[in-house]
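A.B. asks: So I've got this file, entry-v4.txt, and it contains compact mmCIF, C-alpha atoms:
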```
# COMPACT_ATOMS: atom_id res chain seq x y z
CA MET A 1 5.36 -12.39 -4.34
CA SER A 2 8.03 -12.71 -1.75
CA ASP A 3 7.99 -15.15 1.11
CA ASP A 4 8.05 -12.50 3.79
CA SER A 5 5.04 -10.72 2.32
CA VAL A 6 2.73 -13.54 3.27
CA PRO A 7 1.64 -13.43 6.89
CA LEU A 8 0.45 -16.98 6.71
CA ALA A 9 3.45 -18.92 7.81
CA LEU A 10 3.34 -18.41 11.55
CA PRO A 11 -0.15 -19.59 12.48
CA LEU A 12 0.00 -22.45 10.05
CA LEU A 13 3.40 -23.69 11.06
CA ARG A 14 2.42 -23.42 14.71
CA LEU A 15 -0.63 -25.58 14.09
CA ALA A 16 1.33 -27.94 11.97
CA ALA A 17 4.15 -28.36 14.44
CA GLY A 18 5.14 -31.97 14.22
CA THR A 19 3.27 -32.47 10.98
CA SER A 20 6.14 -32.33 8.59
CA GLU A 21 3.96 -33.42 5.71
CA VAL A 22 1.73 -30.36 5.96
CA THR A 23 4.74 -28.10 6.30
CA THR A 24 6.31 -29.59 3.19
CA LEU A 25 3.06 -29.27 1.28
CA TYR A 26 2.69 -25.71 2.43
CA ARG A 27 6.14 -24.78 1.19
CA GLU A 28 5.54 -26.53 -2.10
CA LEU A 29 1.99 -25.47 -2.88
CA ARG A 30 1.47 -22.10 -1.27
CA LYS A 31 2.73 -20.11 -4.27
CA PRO A 32 0.87 -22.09 -6.95
CA LEU A 33 -2.31 -21.82 -4.89
CA LEU A 34 -1.91 -18.09 -4.42
CA ARG A 35 -1.25 -17.64 -8.11
CA TYR A 36 -4.28 -19.66 -9.08
CA LEU A 37 -6.56 -17.75 -6.72
CA VAL A 38 -5.27 -14.33 -7.70
CA CYS A 39 -5.62 -15.24 -11.37
CA LEU A 40 -9.18 -16.33 -10.70
CA GLY A 41 -9.84 -12.75 -9.66
CA LEU A 42 -9.35 -12.69 -5.91
CA THR A 43 -7.31 -9.92 -4.38
CA SER A 44 -3.94 -10.76 -2.90
CA ASP A 45 -5.35 -10.54 0.64
CA GLU A 46 -8.37 -12.66 -0.21
CA ALA A 47 -6.13 -15.26 -1.83
CA GLN A 48 -3.91 -15.44 1.23
CA ASP A 49 -6.95 -15.89 3.46
CA VAL A 50 -8.24 -18.68 1.25
CA VAL A 51 -4.85 -20.44 1.18
CA GLN A 52 -4.62 -20.21 4.94
CA ASP A 53 -8.11 -21.64 5.34
CA ALA A 54 -7.29 -24.40 2.87
CA PHE A 55 -4.22 -25.48 4.80
CA LEU A 56 -6.12 -25.35 8.08
CA SER A 57 -8.73 -27.59 6.49
CA LEU A 58 -5.94 -29.91 5.37
CA GLN A 59 -4.61 -30.01 8.91
CA ARG A 60 -8.03 -31.04 10.21
CA HIS A 61 -8.47 -33.46 7.32
CA LEU A 62 -5.22 -35.26 8.09
CA ALA A 63 -5.84 -35.16 11.85
CA SER A 64 -9.14 -36.96 11.30
CA ASN A 65 -7.38 -39.66 9.26
CA GLY A 66 -8.78 -38.41 5.98
CA THR A 67 -7.57 -39.80 2.70
CA GLN A 68 -4.04 -38.79 1.77
CA GLU A 69 -4.42 -39.56 -1.90
CA ASN A 70 -3.83 -36.66 -4.27
CA ILE A 71 -3.44 -34.06 -1.55
CA ARG A 72 -2.46 -31.44 -4.13
CA GLY A 73 -5.74 -31.81 -5.96
CA TRP A 74 -7.56 -31.86 -2.63
CA LEU A 75 -5.98 -28.53 -1.62
CA PHE A 76 -6.76 -26.91 -4.95
CA ARG A 77 -10.33 -28.12 -4.77
CA VAL A 78 -10.83 -26.72 -1.27
CA ALA A 79 -9.24 -23.42 -2.29
CA HIS A 80 -11.28 -23.31 -5.48
CA ASN A 81 -14.55 -23.85 -3.63
CA GLN A 82 -13.70 -21.28 -0.98
CA ALA A 83 -12.81 -18.78 -3.68
CA ARG A 84 -16.15 -19.41 -5.37
CA ASN A 85 -17.96 -18.88 -2.10
CA ARG A 86 -16.17 -15.61 -1.56
CA GLN A 87 -16.66 -14.11 -4.97
CA THR A 88 -19.16 -15.41 -7.44
CA SER A 89 -17.96 -13.17 -10.25
CA TYR A 90 -14.24 -13.56 -9.71
CA HIS A 91 -13.62 -15.11 -13.11
CA ARG A 92 -14.45 -11.88 -14.88
CA ARG A 93 -11.48 -10.10 -13.41
CA PHE A 94 -8.71 -12.29 -14.80
CA GLY A 95 -9.03 -10.90 -18.30
CA GLU A 96 -9.00 -7.30 -17.15
CA PRO A 97 -6.52 -5.19 -19.08
CA LEU A 98 -3.44 -4.47 -17.07
CA ASP A 99 -2.52 -1.24 -18.83
CA GLY A 100 -0.29 0.94 -16.74
CA GLU A 101 0.53 -1.88 -14.38
CA MET A 102 3.09 -3.70 -16.50
CA ASP A 103 5.75 -1.02 -16.55
CA PHE A 104 7.80 -2.99 -14.08
CA LEU A 105 7.81 -6.09 -16.25
CA ALA A 106 11.18 -5.67 -17.84
CA ASP A 107 13.23 -2.92 -16.34
CA ASP A 108 16.23 -3.71 -18.49
CA ALA A 109 14.18 -3.89 -21.69
CA THR A 110 14.23 -1.18 -24.29
CA PRO A 111 11.10 0.97 -24.69
CA GLU A 112 10.36 -0.83 -27.95
CA GLN A 113 10.56 -4.24 -26.28
CA ARG A 114 8.35 -3.00 -23.51
CA VAL A 115 5.72 -1.83 -25.96
CA LEU A 116 5.82 -5.18 -27.76
CA GLU A 117 5.52 -7.01 -24.46
CA LYS A 118 2.52 -4.93 -23.48
CA GLU A 119 0.92 -5.51 -26.81
CA LYS A 120 1.41 -9.25 -26.50
CA PHE A 121 -0.26 -9.34 -23.09
CA ARG A 122 -3.04 -7.07 -24.27
CA HIS A 123 -3.86 -9.53 -27.04
CA LEU A 124 -3.69 -12.42 -24.63
CA ALA A 125 -5.95 -10.66 -22.12
CA ALA A 126 -8.48 -10.02 -24.87
CA ALA A 127 -8.31 -13.68 -25.88
CA ILE A 128 -8.70 -14.83 -22.26
CA ARG A 129 -11.89 -12.82 -21.99
CA LEU A 130 -13.30 -14.88 -24.82
CA LEU A 131 -12.72 -18.18 -23.00
CA THR A 132 -15.49 -19.90 -21.17
CA GLU A 133 -15.26 -20.14 -17.40
CA SER A 134 -14.43 -23.82 -17.60
CA GLU A 135 -11.69 -23.26 -20.20
CA ARG A 136 -10.18 -20.49 -18.14
CA GLU A 137 -10.16 -22.57 -14.97
CA CYS A 138 -8.69 -25.58 -16.74
CA LEU A 139 -5.89 -23.50 -18.23
CA LEU A 140 -5.16 -21.84 -14.90
CA LEU A 141 -4.94 -25.17 -13.12
CA ARG A 142 -2.80 -26.52 -15.94
CA ALA A 143 -0.50 -23.51 -15.57
CA GLY A 144 -0.37 -24.35 -11.87
CA GLY A 145 1.19 -27.70 -12.73
CA LEU A 146 -1.83 -29.93 -12.15
CA ARG A 147 -2.36 -33.05 -14.21
CA TYR A 148 -5.59 -33.49 -16.15
CA ARG A 149 -6.84 -35.99 -13.58
CA GLU A 150 -6.22 -33.52 -10.75
CA ILE A 151 -7.89 -30.72 -12.68
CA GLY A 152 -10.89 -32.96 -13.15
CA GLU A 153 -11.05 -33.60 -9.42
CA VAL A 154 -10.81 -29.91 -8.60
CA LEU A 155 -13.53 -28.92 -11.04
CA GLY A 156 -15.60 -32.03 -10.68
CA ILE A 157 -15.42 -33.07 -14.34
CA ALA A 158 -14.06 -36.10 -16.18
CA THR A 159 -10.40 -36.28 -17.21
CA SER A 160 -11.36 -36.61 -20.86
CA THR A 161 -13.46 -33.46 -20.54
CA VAL A 162 -10.45 -31.68 -19.09
CA ALA A 163 -8.32 -32.77 -22.06
CA ASP A 164 -10.92 -31.49 -24.51
CA THR A 165 -11.39 -28.24 -22.60
CA VAL A 166 -7.65 -27.58 -22.36
CA GLU A 167 -7.20 -28.25 -26.05
CA ARG A 168 -10.07 -25.97 -26.97
CA GLY A 169 -8.79 -23.19 -24.73
CA ILE A 170 -5.22 -23.34 -25.99
CA LYS A 171 -6.36 -23.38 -29.61
CA LYS A 172 -8.56 -20.33 -29.00
CA LEU A 173 -5.70 -18.43 -27.45
CA ALA A 174 -3.31 -19.43 -30.24
CA GLU A 175 -5.80 -18.33 -32.85
CA LYS A 176 -6.54 -14.98 -31.23
CA CYS A 177 -2.88 -14.27 -30.56
CA ASN A 178 -1.91 -15.19 -34.12
CA VAL A 179 0.55 -17.81 -32.97
CA MET B 1 -5.19 -32.34 -41.68
CA CYS B 2 -3.33 -34.87 -39.54
CA ASP B 3 -5.26 -36.99 -37.08
CA VAL B 4 -2.47 -36.43 -34.58
CA GLN B 5 -3.29 -32.76 -34.36
CA GLN B 6 -6.02 -33.53 -31.83
CA LYS B 7 -3.42 -35.06 -29.53
CA LEU B 8 -0.69 -32.44 -29.79
CA ILE B 9 -1.58 -30.53 -26.63
CA ALA B 10 -2.10 -33.69 -24.60
CA TRP B 11 1.26 -34.90 -25.88
CA LEU B 12 2.79 -31.55 -24.87
CA ASP B 13 1.35 -32.01 -21.38
CA HIS B 14 2.62 -35.62 -21.12
CA GLU B 15 -0.94 -36.81 -20.71
CA LEU B 16 -0.93 -39.51 -23.38
CA PRO B 17 -0.33 -43.20 -22.69
CA THR B 18 3.18 -44.37 -23.52
CA ASP B 19 2.34 -46.06 -26.81
CA GLU B 20 0.26 -43.13 -28.04
CA SER B 21 2.92 -40.69 -27.00
CA ALA B 22 5.57 -42.56 -29.00
CA GLU B 23 3.31 -42.61 -32.02
CA VAL B 24 2.70 -38.84 -31.84
CA GLN B 25 6.40 -38.18 -31.40
CA ARG B 26 7.21 -40.16 -34.51
CA HIS B 27 4.61 -38.23 -36.45
CA ILE B 28 5.88 -34.85 -35.23
CA GLU B 29 9.40 -35.65 -36.35
CA GLY B 30 8.18 -36.13 -39.88
CA CYS B 31 5.43 -33.49 -40.08
CA LYS B 32 6.47 -29.86 -40.39
CA GLN B 33 2.90 -28.58 -40.05
CA CYS B 34 2.42 -30.33 -36.71
CA ARG B 35 5.80 -29.10 -35.51
CA THR B 36 4.73 -25.53 -36.32
CA ARG B 37 1.43 -25.98 -34.53
CA LEU B 38 3.15 -27.52 -31.57
CA ALA B 39 5.57 -24.58 -31.36
CA GLY B 40 2.58 -22.22 -31.37
CA TYR B 41 0.85 -24.13 -28.55
CA GLU B 42 4.05 -24.11 -26.55
CA LYS B 43 4.45 -20.39 -27.05
CA VAL B 44 0.87 -19.65 -26.03
CA SER B 45 1.22 -21.85 -22.96
CA GLU B 46 4.40 -20.03 -21.93
CA THR B 47 2.82 -16.62 -22.52
CA PHE B 48 -0.22 -17.65 -20.50
CA ASP B 49 2.08 -18.78 -17.70
CA VAL B 50 3.96 -15.47 -17.72
CA TYR B 51 0.68 -13.59 -17.89
CA CYS B 52 -0.44 -15.34 -14.69
CA ASP B 53 2.74 -14.13 -13.00
CA VAL B 54 2.12 -10.61 -14.31
CA VAL B 55 -1.42 -10.64 -12.95
CA VAL B 56 -0.21 -11.82 -9.56
CA ALA B 57 2.59 -9.26 -9.47
CA ALA B 58 0.26 -6.46 -10.55
CA LYS B 59 -2.38 -7.34 -7.98
CA THR B 60 0.16 -7.76 -5.23
CA ARG B 61 1.63 -4.41 -6.16
CA ARG B 62 -1.80 -2.76 -6.12
CA ARG B 63 -2.20 -3.19 -2.38
CA VAL B 64 -2.62 0.52 -1.78
CA PRO B 65 -6.32 1.29 -2.17
CA ARG B 66 -7.24 3.33 -5.20
CA TRP B 67 -8.66 6.13 -3.06
CA VAL B 68 -5.33 6.78 -1.32
CA PRO B 69 -3.79 8.77 -4.22
CA VAL B 70 -7.05 10.70 -4.57
CA LEU B 71 -7.05 11.57 -0.88
CA ALA B 72 -3.37 12.51 -1.01
CA GLY B 73 -4.08 14.78 -3.97
CA ALA B 74 -6.94 16.47 -2.15
CA VAL B 75 -4.78 17.04 0.93
CA ALA B 76 -2.01 18.47 -1.24
CA ALA B 77 -4.49 20.79 -2.99
CA VAL B 78 -5.80 22.08 0.36
CA ALA B 79 -2.24 22.58 1.58
CA VAL B 80 -1.34 24.55 -1.56
CA MET B 81 -4.49 26.65 -1.16
CA PHE B 82 -3.60 27.52 2.43
CA LEU B 83 -0.05 28.37 1.48
CA THR B 84 -1.19 30.53 -1.44
CA PHE B 85 -3.90 32.37 0.49
CA PRO B 86 -2.77 32.47 4.10
CA ARG B 87 -5.20 33.68 6.70
CA THR B 88 -4.48 37.24 7.81
CA ARG B 89 -3.20 37.03 11.34
CA ILE B 90 -4.11 39.78 13.76
CA GLU B 91 -0.88 40.99 15.28
CA PRO B 92 -0.78 42.97 18.51
CA PRO B 93 0.02 46.65 18.09
CA PRO B 94 3.72 47.41 18.16
CA ILE B 95 5.03 48.39 21.55
CA LEU B 96 6.76 51.71 21.68
CA THR B 97 10.08 51.63 23.46
CA PRO B 98 11.00 55.20 24.38
CA THR B 99 14.51 55.62 25.65
CA ILE B 100 15.04 58.48 28.00
CA THR B 101 18.65 59.45 27.79
CA ALA B 102 18.39 62.81 29.46
CA ALA B 103 18.26 63.17 33.22
CA SER B 104 14.80 62.96 34.46
CA VAL B 105 13.90 65.76 36.82
CA PRO B 106 12.08 64.60 39.88
CA VAL B 107 8.69 66.12 39.94
CA PRO B 108 7.18 66.88 43.31
CA ALA B 109 4.49 64.50 43.95
CA GLN B 110 1.01 65.95 43.79
CA PRO B 111 -1.17 65.15 46.76
CA ALA B 112 -3.54 62.52 45.77
CA PRO B 113 -7.17 63.64 45.79
CA GLU B 114 -9.13 62.18 48.57
CA THR B 115 -11.39 59.53 47.43
CA ALA B 116 -14.38 58.14 49.15
CA PRO B 117 -13.77 54.78 50.79
CA ARG B 118 -14.63 52.03 48.38
CA LYS B 119 -17.38 49.78 49.29
CA THR B 120 -16.82 46.13 48.90
CA ILE B 121 -19.58 44.83 46.74
CA HIS B 122 -20.16 41.17 46.52
CA ARG B 123 -21.64 40.54 43.13
CA GLN B 124 -23.62 37.50 42.36
CA HIS B 125 -22.64 36.39 38.91
CA ALA B 126 -25.41 34.93 36.92
CA VAL B 127 -22.85 33.44 34.64
CA ALA B 128 -19.33 32.38 35.23
CA PRO B 129 -16.93 35.31 35.27
CA VAL B 130 -15.10 35.82 32.08
CA GLN B 131 -11.62 34.53 32.35
CA VAL B 132 -9.07 36.71 30.75
CA ARG B 133 -6.66 34.58 28.91
CA ALA B 134 -3.06 35.48 29.04
CA ALA B 135 -1.75 36.83 25.82
CA LYS B 136 0.00 34.15 23.90
CA TRP B 137 2.44 36.50 22.35
CA GLN B 138 5.43 37.95 24.11
CA PRO B 139 7.57 40.73 22.71
CA ARG B 140 11.06 39.63 22.07
CA GLU B 141 12.71 42.84 23.27
CA THR B 142 12.31 44.47 26.63
CA ALA B 143 9.39 46.81 26.74
CA VAL B 144 10.99 49.95 28.18
CA GLN B 145 14.57 51.01 28.59
CA ILE B 146 15.31 54.02 30.81
CA ALA B 147 18.78 55.55 31.28
CA ILE B 148 19.12 57.66 34.49
CA PRO B 149 22.25 59.74 35.21
CA ALA B 150 24.01 59.10 38.54
CA GLU B 151 23.41 62.61 39.98
CA ALA B 152 19.73 61.99 39.66
CA MET B 153 20.02 58.76 41.65
CA PHE B 154 22.33 59.80 44.51
CA PRO B 155 22.11 62.82 46.80
CA PRO B 156 24.48 65.71 46.02
CA GLY B 157 27.99 65.09 47.38
CA ALA B 158 27.56 61.32 47.59
CA MET B 159 29.38 60.88 44.36
CA PRO B 160 33.06 61.86 44.09
CA LYS B 161 33.76 64.69 41.76
CA GLY B 162 34.60 63.65 38.28
CA MET B 163 32.73 60.38 38.62
CA ASN B 164 29.59 60.13 36.57
CA PHE B 165 27.53 56.96 36.26
CA ILE B 166 24.52 56.31 34.21
CA ALA B 167 22.27 53.45 35.25
CA GLU B 168 20.42 51.65 32.53
CA LEU B 169 17.36 49.70 33.58
CA SER B 170 15.71 47.16 31.38
CA ILE B 171 12.10 46.71 32.37
CA ALA B 172 10.33 43.56 31.38
CA PRO B 173 6.76 43.58 30.01
CA ASP B 174 5.40 42.57 33.41
CA GLY B 175 6.91 45.72 34.98
CA SER B 176 9.81 44.07 36.80
CA VAL B 177 13.36 45.28 36.39
CA LYS B 178 15.01 42.81 34.15
CA GLN B 179 18.51 44.20 33.99
CA VAL B 180 20.48 47.05 35.66
CA ARG B 181 23.64 48.21 33.99
CA LEU B 182 25.95 51.06 35.14
CA TRP B 183 28.10 52.76 32.63
CA GLN B 184 30.21 55.93 32.51
```
In structure tokens, how does this file's structure come out?

C.D. replies:
Amino acid sequence: MSDDSVPLALPLLRLAAGTSEVTTLYRELRKPLLRYLVCLGLTSDEAQDVVQDAFLSLQRHLASNGTQENIRGWLFRVAHNQARNRQTSYHRRFGEPLDGEMDFLADDATPEQRVLEKEKFRHLAAAIRLLTESERECLLLRAGGLRYREIGEVLGIATSTVADTVERGIKKLAEKCNV
Amino acid sequence: MCDVQQKLIAWLDHELPTDESAEVQRHIEGCKQCRTRLAGYEKVSETFDVYCDVVVAAKTRRRVPRWVPVLAGAVAAVAVMFLTFPRTRIEPPPILTPTITAASVPVPAQPAPETAPRKTIHRQHAVAPVQVRAAKWQPRETAVQIAIPAEAMFPPGAMPKGMNFIAELSIAPDGSVKQVRLWQ
């Protein structure tokens, strides 16, 4: 997803003029947030709307002297809740097979490599469908670079629960993918 | 089964306290089975990460609604149908263009029969009069071409002997003379 494909920058940066912290956070976290939301099942446009709303909420939050602790987790939590409000069944879409849409994956790969790559992702998609919603969300947030404590704050569960859930999810995927 | 196996993923994610992390690391260095498991968890984590990117790329790429190709196909099919079975167009009848090359002999004008004076009738139209639309088509060539020898145009003696002109008139569809050309 290229930078110029996201029509979010202008309104946000205008609002955040003089708030260098928000601008820095925006540059750092926009892509991980978009990736998380799209992987949850939102469309690209929906995800961009949610990210924009999340950063506007952050702007208001900071303007009202809200807590500045763990802003990354705060942003993910706001985005996560907004995504849930928008689409209650979004989690079902992440494991959808992507047949016919992965041809662009490796343009320089040989046809054999491409087939193997497709097969690998097909297995993974099938395994992802077997995960629980909590496992899927934990793994997505983990892939987004969040620590277990942050994941717990986003999902509203204990850090130890996150550790157990992540471990369970990874082991399921490894087993189903024969790794 | 090693007890450390339960901590491998947390160790991979740097989520263990320092002392526990050192303990797990020591165990991994000496346990081939745990190293193999750890490699598998790493591989799955990387594949999952790449899969997320693939999902994002695929969904970003799928911004054109699914019905657009269907609509485009339908439009193409209609276009092909029209090209294959074109509607028969009613052409105007061909305009005859007689060319009179011989000298036309002036015919004495017949006295016009007397006609009764026309009465001007003011009609009340119940409906709006039909407007005759101008024909949209125009013939490319002039409608009538008439060639008249000079002796038929000038009185006898007006032309020097030996001189002989033929005037060629091109008459436009609206009846006006479009072109006059004299040639010997």

A.B. asks: Could you pull the residues within 7 Å of A:Leu124, counting only C-alpha atoms, minus those fewer than 4 positions along the same chain, as a list of chain:residue names?

C.D. replies: A:Lys120, A:Ile128, A:Leu173, A:Cys177

A.B. asks: With all atoms listed in the file considered, list every residue of chain A at most 7 Å from chain B, as a PyMOL selection string.

C.D. replies: chain A and resi 1+35+38-39+43-44+101+121+143+163+167+170+173-174+179

A.B. asks: Within 7 Å of (-2.7, -15.5, -2.4) (file coordinates; only C-alpha atoms), which protein or nucleic acid residues are there? I'd like them as a ChimeraX atom specification.

C.D. replies: /A:33-35,37-38,44-48,51

A.B. asks: Show me the residues around (-3.0, -26.6, -7.2) - criterion: an atom at most 7 Å away, only C-alpha atoms counted - as a ChimeraX atom specification.

C.D. replies: /A:29,32-33,72-73,75-76,141,144,146

A.B. asks: Suppose you want the space between atom CA of B:Arg26 and atom CA of B:Met1; what is it in Å?

C.D. replies: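 Between atom CA of B:Arg26 and atom CA of B:Met1 the gap is 16.3 Å.
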
A.B. asks: By how many Å are atom CA of A:Arg84 and atom CA of A:Glu133 apart?

C.D. replies: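 So the answer is 12.1 Å.
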
A.B. asks: Figure out the distance between atom CA of A:Gln52 and atom CA of A:Val22, please, to one decimal in Å.

C.D. replies: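 Atom CA of A:Val22 sits 12.0 Å away from atom CA of A:Gln52.
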
A.B. asks: Given all atoms listed in the file as the basis, pick out the residue of A:Ser20, A:Ala109, A:Thr159, A:Lys171 nearest to A:Ala127.

C.D. replies: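 With all atoms listed in the file as the atom set, the closest residue is A:Lys171.
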